[in-house]
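Participant: First the structure, which I've put down as structure tokens, then a few questions once you've had a look.
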Amino acid sequence: MNRTIVAAGLGLALVTPQTAAAADQESVKVGFVTELTGPWSFFGTACVAGLKFAEATLNPPGKRKIEFIQIDNQTQPTQAVAAARNLDIQSKVIALSGPTSSDTALAIYGYAEQNKVPFLVPVAAFPQLTKPGTRYSFRIEPNAAGWGYAIAEFVAKQKPGAKIALMHSDFALMRAISAGLKYQAAKKGLKIEPEIVFPQGSNDATVQAAQVLAANPDYVVVVGAGGFDNTITNQLLDVGIKPEKIIHPYGMATQVKGWGKRSVGSLYGTFFDANLDTVTAEGRKFIDDFKAQNKRLPSYVENYCYVTSQIIREVIDADPKAGDDREVFRNTLSALKSKEVTSGIPIEFDKNGARKEYIYFMQIQDVGEVEYKSKPVFTTNWDPEIIPVYDLVK
Amino acid sequence: MPTELVLISTLFTGLMLGVIFSLVAAGVTIIYGSIWMPNAANGQFFLLAALALWSAAVSWGLHPVVAALLVIGASVPASLLLEQMLIRRFYDVPNRNVSYFVLSLGITQILAGLFSVTYGVWSDQFQIPPLMAGITFLGPFPVSNSRLAALVTGVALLAALFALLRYHKYGRAIRAVFQNRDAASLRGVNVRAIYRLSFVLGNLVVAAGGVLYAFAYSFDLSVSWSMSITAFAIMIIGGPGSVVGAVAVGMVFGFTQAIVSAFASPTVATFSYLGAMLLILLMKPSGLFAR
Amino acid sequence: MLEISGLTIRYGAFLAVGSLDIVIGKGDIVGLIGPNGAGKTSTVKALGGLIKPAAGRIAFRGRDLAGVPAHERITLGLSIVPEGRGIFARMSVEENLLMGAYAFDGADKAARMRRVYDLFPILAERRWQAAGTMSGGQQQMLAVSMGLMAEPEMIVLDEPSLGLAPIVIEEIGKALIRLREAGVTVFLVEQNATLTADVSDRIYVMSNGTVLHHGTAEEITRNEDMLGALL
């Protein structure tokens with residue numbers, strides 16, 4: 001790894017007091033509780049894959065060593081809390097991180113806030129993770145209601161007064177997206193019709209696809225849970241909905257591959273994509289190394305876990321006491337003003353630990369076995385409380 | 001034209017889901033009817049078939065049809081092995097349905113855990129390459145040929161299952177064992193051999209259901225739970241041990257889901273199942289086609 | 001044809017049959033009568049291999065049945081029509097008859113079916129009807145017919161008259177006599193002493209798991225006091 005690039009990427013706000021003593025100190029332990037097994041493991045393992053690349057450059061000589069202790073939470077909130085407690089009491093970690101699902105993240109959130117353990121959430125979009133009064137939890141991923149807000153902004157710009165068909169699974173994440181979308185759509189004079197909610201465990205959307213086709217909307221916002229996402233998408237395309245009309249609120253590389261070539265023209269939201277021009281040199285290297293090893297491109301999940309490692313490094317470097325004192329760690333993190341080394345996007349947290357939020361909407365251009373091509377068609381950023389997210393989604 | 005579109009798509013969905021539900025419930029009820037095993041692991045077996053198909057067709061790159069035949073074929077030795085190792089040990093236990101239920105819950109846990117640590121990583125990627133390209137228009141409603149093929153195959157399998165049970169010597173023996181195992185034994189039926197045959201046949205039908213489901217829909221690991229509950233509900237409403245009941249109620253479930261989700265909402269459709277189940281059980285606690 | 005010696009059947013501590021001896025020759029019609037709980041049905045079950053006797057020997061055509069599983073006994077020529085008829089209620093009459101010949105792959109089933117239809121013409125009329133929906137008498141005729149589909153050396157009938165009207169019982173009795181004419185050995189296990197006496201050559205009287213009396217039908221029916229007390 002090219003050290004100058006790392007330094008440039010890390011650089012900026014950091015004036016690090018590097019002494020020989022720092023390297024000799026006991027390593028700083030960070031608990032990384034994530035979904036290595038269970039229904040959300042495709043997210044958790046993607047995250048860990050991203051983290052692994054960051055760890056390669058995490059501990060340059062002369063700096064205090066940071067050590068991630070990974071624990072599988074089996075995608076179960078109770079397991080997540082048990083792991084958090086263990087890491088807090090037994091391993092005496094300085095901070096917790098790792099979850100990629102809102103359920104496990106919320107479980108650890110409760111523990112972290114109560115026991116004053118700094119908690120850096122890489123990937124979990126449920127708004128309440130940064131509700132007012134939050135002190136120890138910080139979140140890197142923008143909140144899901146905000147994505148909905150951004151979709152409305154995008155559609156309003158493409159076609160004022162447009163009609164949007166909304167199809168989503170009945171999960172907290174999807175409910176949050178639609179709450180944000182509906183709120184902002186009303187303000188922008190967009191029409192949401194029809195809105196079709198699929199209960200958990202749904203398997204078929206043929207009829208609903210036909211209904212959407214019959215309603216002839218300008219856009220179809222579609223998000224299904226797990227394998228159902230591909231089913232809805234396929235069935236929409238089967239009945240003859242044009243791919244250009246389909247908006248997926250979020251898309252990872254594996255999802256884009258699942259939607260396949262027939263989805264060329266469709267849109268998806270993301271926070272990091274190999275096809276973005278804004279990717280830094282370090283980000284590009286990350287993408288290439290990741291692709292070589294995993295036979296696919298990394299997406300925002302991998303990136304956020306990579307960035308998690310960067311943020312912790314910066315906090316420890318910014319104040320040496322942060323490695324030993326959770327309060328100092330928390331305060332340093334809260335005051336941090338930095339940029340993602342991979343994308344150059346600013347990292348800054350508000351008083352509740354929410355980030356200055358942003359999204360890219362990408363249009364799929366080609367889908368291959370390993371890579372896919374897409375181009376950004378819209379980007380926006382917003383203050384987390386530009387819409388009343390914490391009231392919209394309880 | 002839009003009404004017609006929604007109508008035909010509703011009929012198609014009802015048939016597609018109905019055929020899959022019927023197959024799985026028939027498999028479950030065959031095993032229950034003969035060996036009194038309420039197999040709670042049926043959803044995991046269903047998922048296992050779908051996952052195995054995915055591995056064979058996507059990871060190994062086999063032709064989907066070859067992969068499907070391989071998976072359904074492999075269910076036979078797998079069932080025989082399980083029967084030999086575990087299932088037959090309970091054949092002489094008087095209240096074995098309780099033992100079997102607990103046993104199958106254990107199998108469920110083990111398989112769910114195994115899937116979680118092995119396949120969980122690809123949980124959002126389970127899609128089988130289409131059986132064939134192109135679409136066919138049913139009136140104004142376009143259906144991918146692949147799904148149409150899955151539907152036709154499913155109907156053919158159900159017909160074959162019926163023919164086997166009605167006209168084949170062994171099929172008749174299975175039904176004889178369902179109805180009166182001592183009498184069957186006196187007529188020369190090797191009841192234990194029929195138990196084994198039923199276990200293999202039931203699982204084969206469940207596996208076929210899983211394979212067809214995987215061709216018709218994308219899936220993930222959670223499908224095992226919803227299928228397991230659905231198959232049990234169908235078996236209970238249809239009357240445990242009644243294949244006719246399983247198929248009839250399976251079809252009703254498929255059409256209920258399609259119609260209610262079209263004219264109310266998919267969420268209401270889920271509740272309408274449970275409502276229908278409770279109502280029917282209130283009126284006929286032993287199930288519609290109970291003996 | 002059939003030799004039962006020292007047959008003992010236990011259900012846990014309960015002794016159902018204690019050291020039973022019965023001998024049936026070829027072509028005989030032998031009756032076994034006794035009150036409820038005498039051990040008759042247990043004896044039939046042991047003949048069929050459905051329960052394992054605690055002791056004793058059952059030999060059929062000179063062969064010890066101890067190692068012969070239930071489903072193989074019918075191929076030796078021993079056809080048992082169990083108590084409660086043993087028909088398959090949700091199958092048609094014809095399917096039931098096919099089940100009767102289940103163990104005989106090479107047999108001319110159509111010919112066998114014609115023969116039982118000759119014996120009970122009503123069954124031919126009802127051949128497509130579900131067995132469970134027929135009257136009790138018709139069901140019993142079907143049960144006997146199923147037993148005959150095996151073209152057995154010996155047929156064992158457990159309580160064929162149970163729950164039937166006298167006129168139907170009479171018809172069953174006539175059929176049994178025709179069987180004897182055809183050379184089939186019949187073992188009739190009954191509570192109905194009249195029917196048994198009408199058709200049997202010899203009768204065993206059983207009570208509390210053992211044989212009390214054994215003699216020709218005339219000898220047994222003459223001893224009406226004993227029968228009255230028993231049945």
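Identifiers in the structure tokens: chain A, B, ... in order shown; residue index from 1 per chain; ligand index from 1 in order shown.
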Mind running chain B against chain C at 7 Å and telling me each contacting residue's nearest atom pair with the distance in Å (one decimal), counting only C-alpha atoms, chain and number ascending, as a Markdown table?

Facilitator:
```
| residue | atom | partner | partner_atom | distance |
| --- | --- | --- | --- | --- |
| B:Ala176 | CA | C:Phe88 | CA | 6.2 |
| B:Gln179 | CA | C:Phe88 | CA | 6.0 |
| B:Asn180 | CA | C:Phe88 | CA | 6.6 |
| B:Ala183 | CA | C:Gly86 | CA | 4.8 |
| B:Ser185 | CA | C:His71 | CA | 4.9 |
| B:Leu186 | CA | C:His71 | CA | 5.7 |
| B:Arg187 | CA | C:Gly100 | CA | 5.7 |
| B:Gly188 | CA | C:His71 | CA | 3.9 |
| B:Val189 | CA | C:His71 | CA | 5.4 |
| B:Asn190 | CA | C:His71 | CA | 5.4 |
```

Participant: With 9 Å as the limit and counting only C-alpha atoms, what residues in chain A lie close to chain B? Please list them as a count of residues only.

Facilitator: 49

Participant: Please provide as a VMD selection string all residues within 9 Å of Gly202 in chain B, with the sequence filter that same-chain residues fewer than 5 positions apart are discarded (counting only C-alpha atoms).

Facilitator: chain B and resid 24 26 to 31 197 207

Participant: Write out, as a tab-separated table (two decimals), in the first residue's frame, the residues just selected, with N, CA and C atoms.

Facilitator:
```
chain	number	residue	atom	x	y	z
B	24	VAL	N	-45.95	-29.50	-1.94
B	24	VAL	CA	-45.28	-29.59	-0.62
B	24	VAL	C	-46.22	-30.21	0.40
B	26	ALA	N	-48.74	-32.13	-0.13
B	26	ALA	CA	-48.96	-33.55	-0.44
B	26	ALA	C	-47.80	-34.38	0.11
B	27	GLY	N	-46.58	-33.88	-0.09
B	27	GLY	CA	-45.42	-34.59	0.43
B	27	GLY	C	-45.49	-34.73	1.94
B	28	VAL	N	-45.86	-33.65	2.61
B	28	VAL	CA	-45.93	-33.66	4.07
B	28	VAL	C	-47.02	-34.63	4.54
B	29	THR	N	-48.14	-34.60	3.84
B	29	THR	CA	-49.27	-35.42	4.28
B	29	THR	C	-49.04	-36.90	3.97
B	30	ILE	N	-48.29	-37.20	2.93
B	30	ILE	CA	-47.96	-38.61	2.63
B	30	ILE	C	-47.12	-39.17	3.78
B	31	ILE	N	-46.16	-38.39	4.22
B	31	ILE	CA	-45.30	-38.87	5.31
B	31	ILE	C	-46.10	-38.97	6.60
B	197	LEU	N	-40.98	-46.27	1.65
B	197	LEU	CA	-41.38	-45.73	0.35
B	197	LEU	C	-42.09	-44.38	0.51
B	207	ALA	N	-39.15	-31.98	-2.40
B	207	ALA	CA	-37.96	-31.50	-3.13
B	207	ALA	C	-38.37	-30.95	-4.49
```

Participant: Please run DSSP on the backbone and report, as a ChimeraX atom specification, all residues within range 123-230 of chain A that come out as helix (DSSP H, G or I).

Facilitator: /A:127-130,144-158,172-188,206-215,227-230

Participant: Work out how far apart CA of Val221 in chain A and CA of Glu141 in chain A are and give it in Å to one decimal.

Facilitator: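 Straight-line distance from CA of Val221 in chain A to CA of Glu141 in chain A works out to 20.3 Å.
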
Participant: So, with only C-alpha atoms as the atoms that count, which of C:Thr194, C:Thr8, C:Met1, C:Phe14 lies closest to Arg222 in chain C?

Facilitator: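 Nearest candidate to Arg222 in chain C out of C:Thr194, C:Thr8, C:Met1, C:Phe14: C:Thr194.
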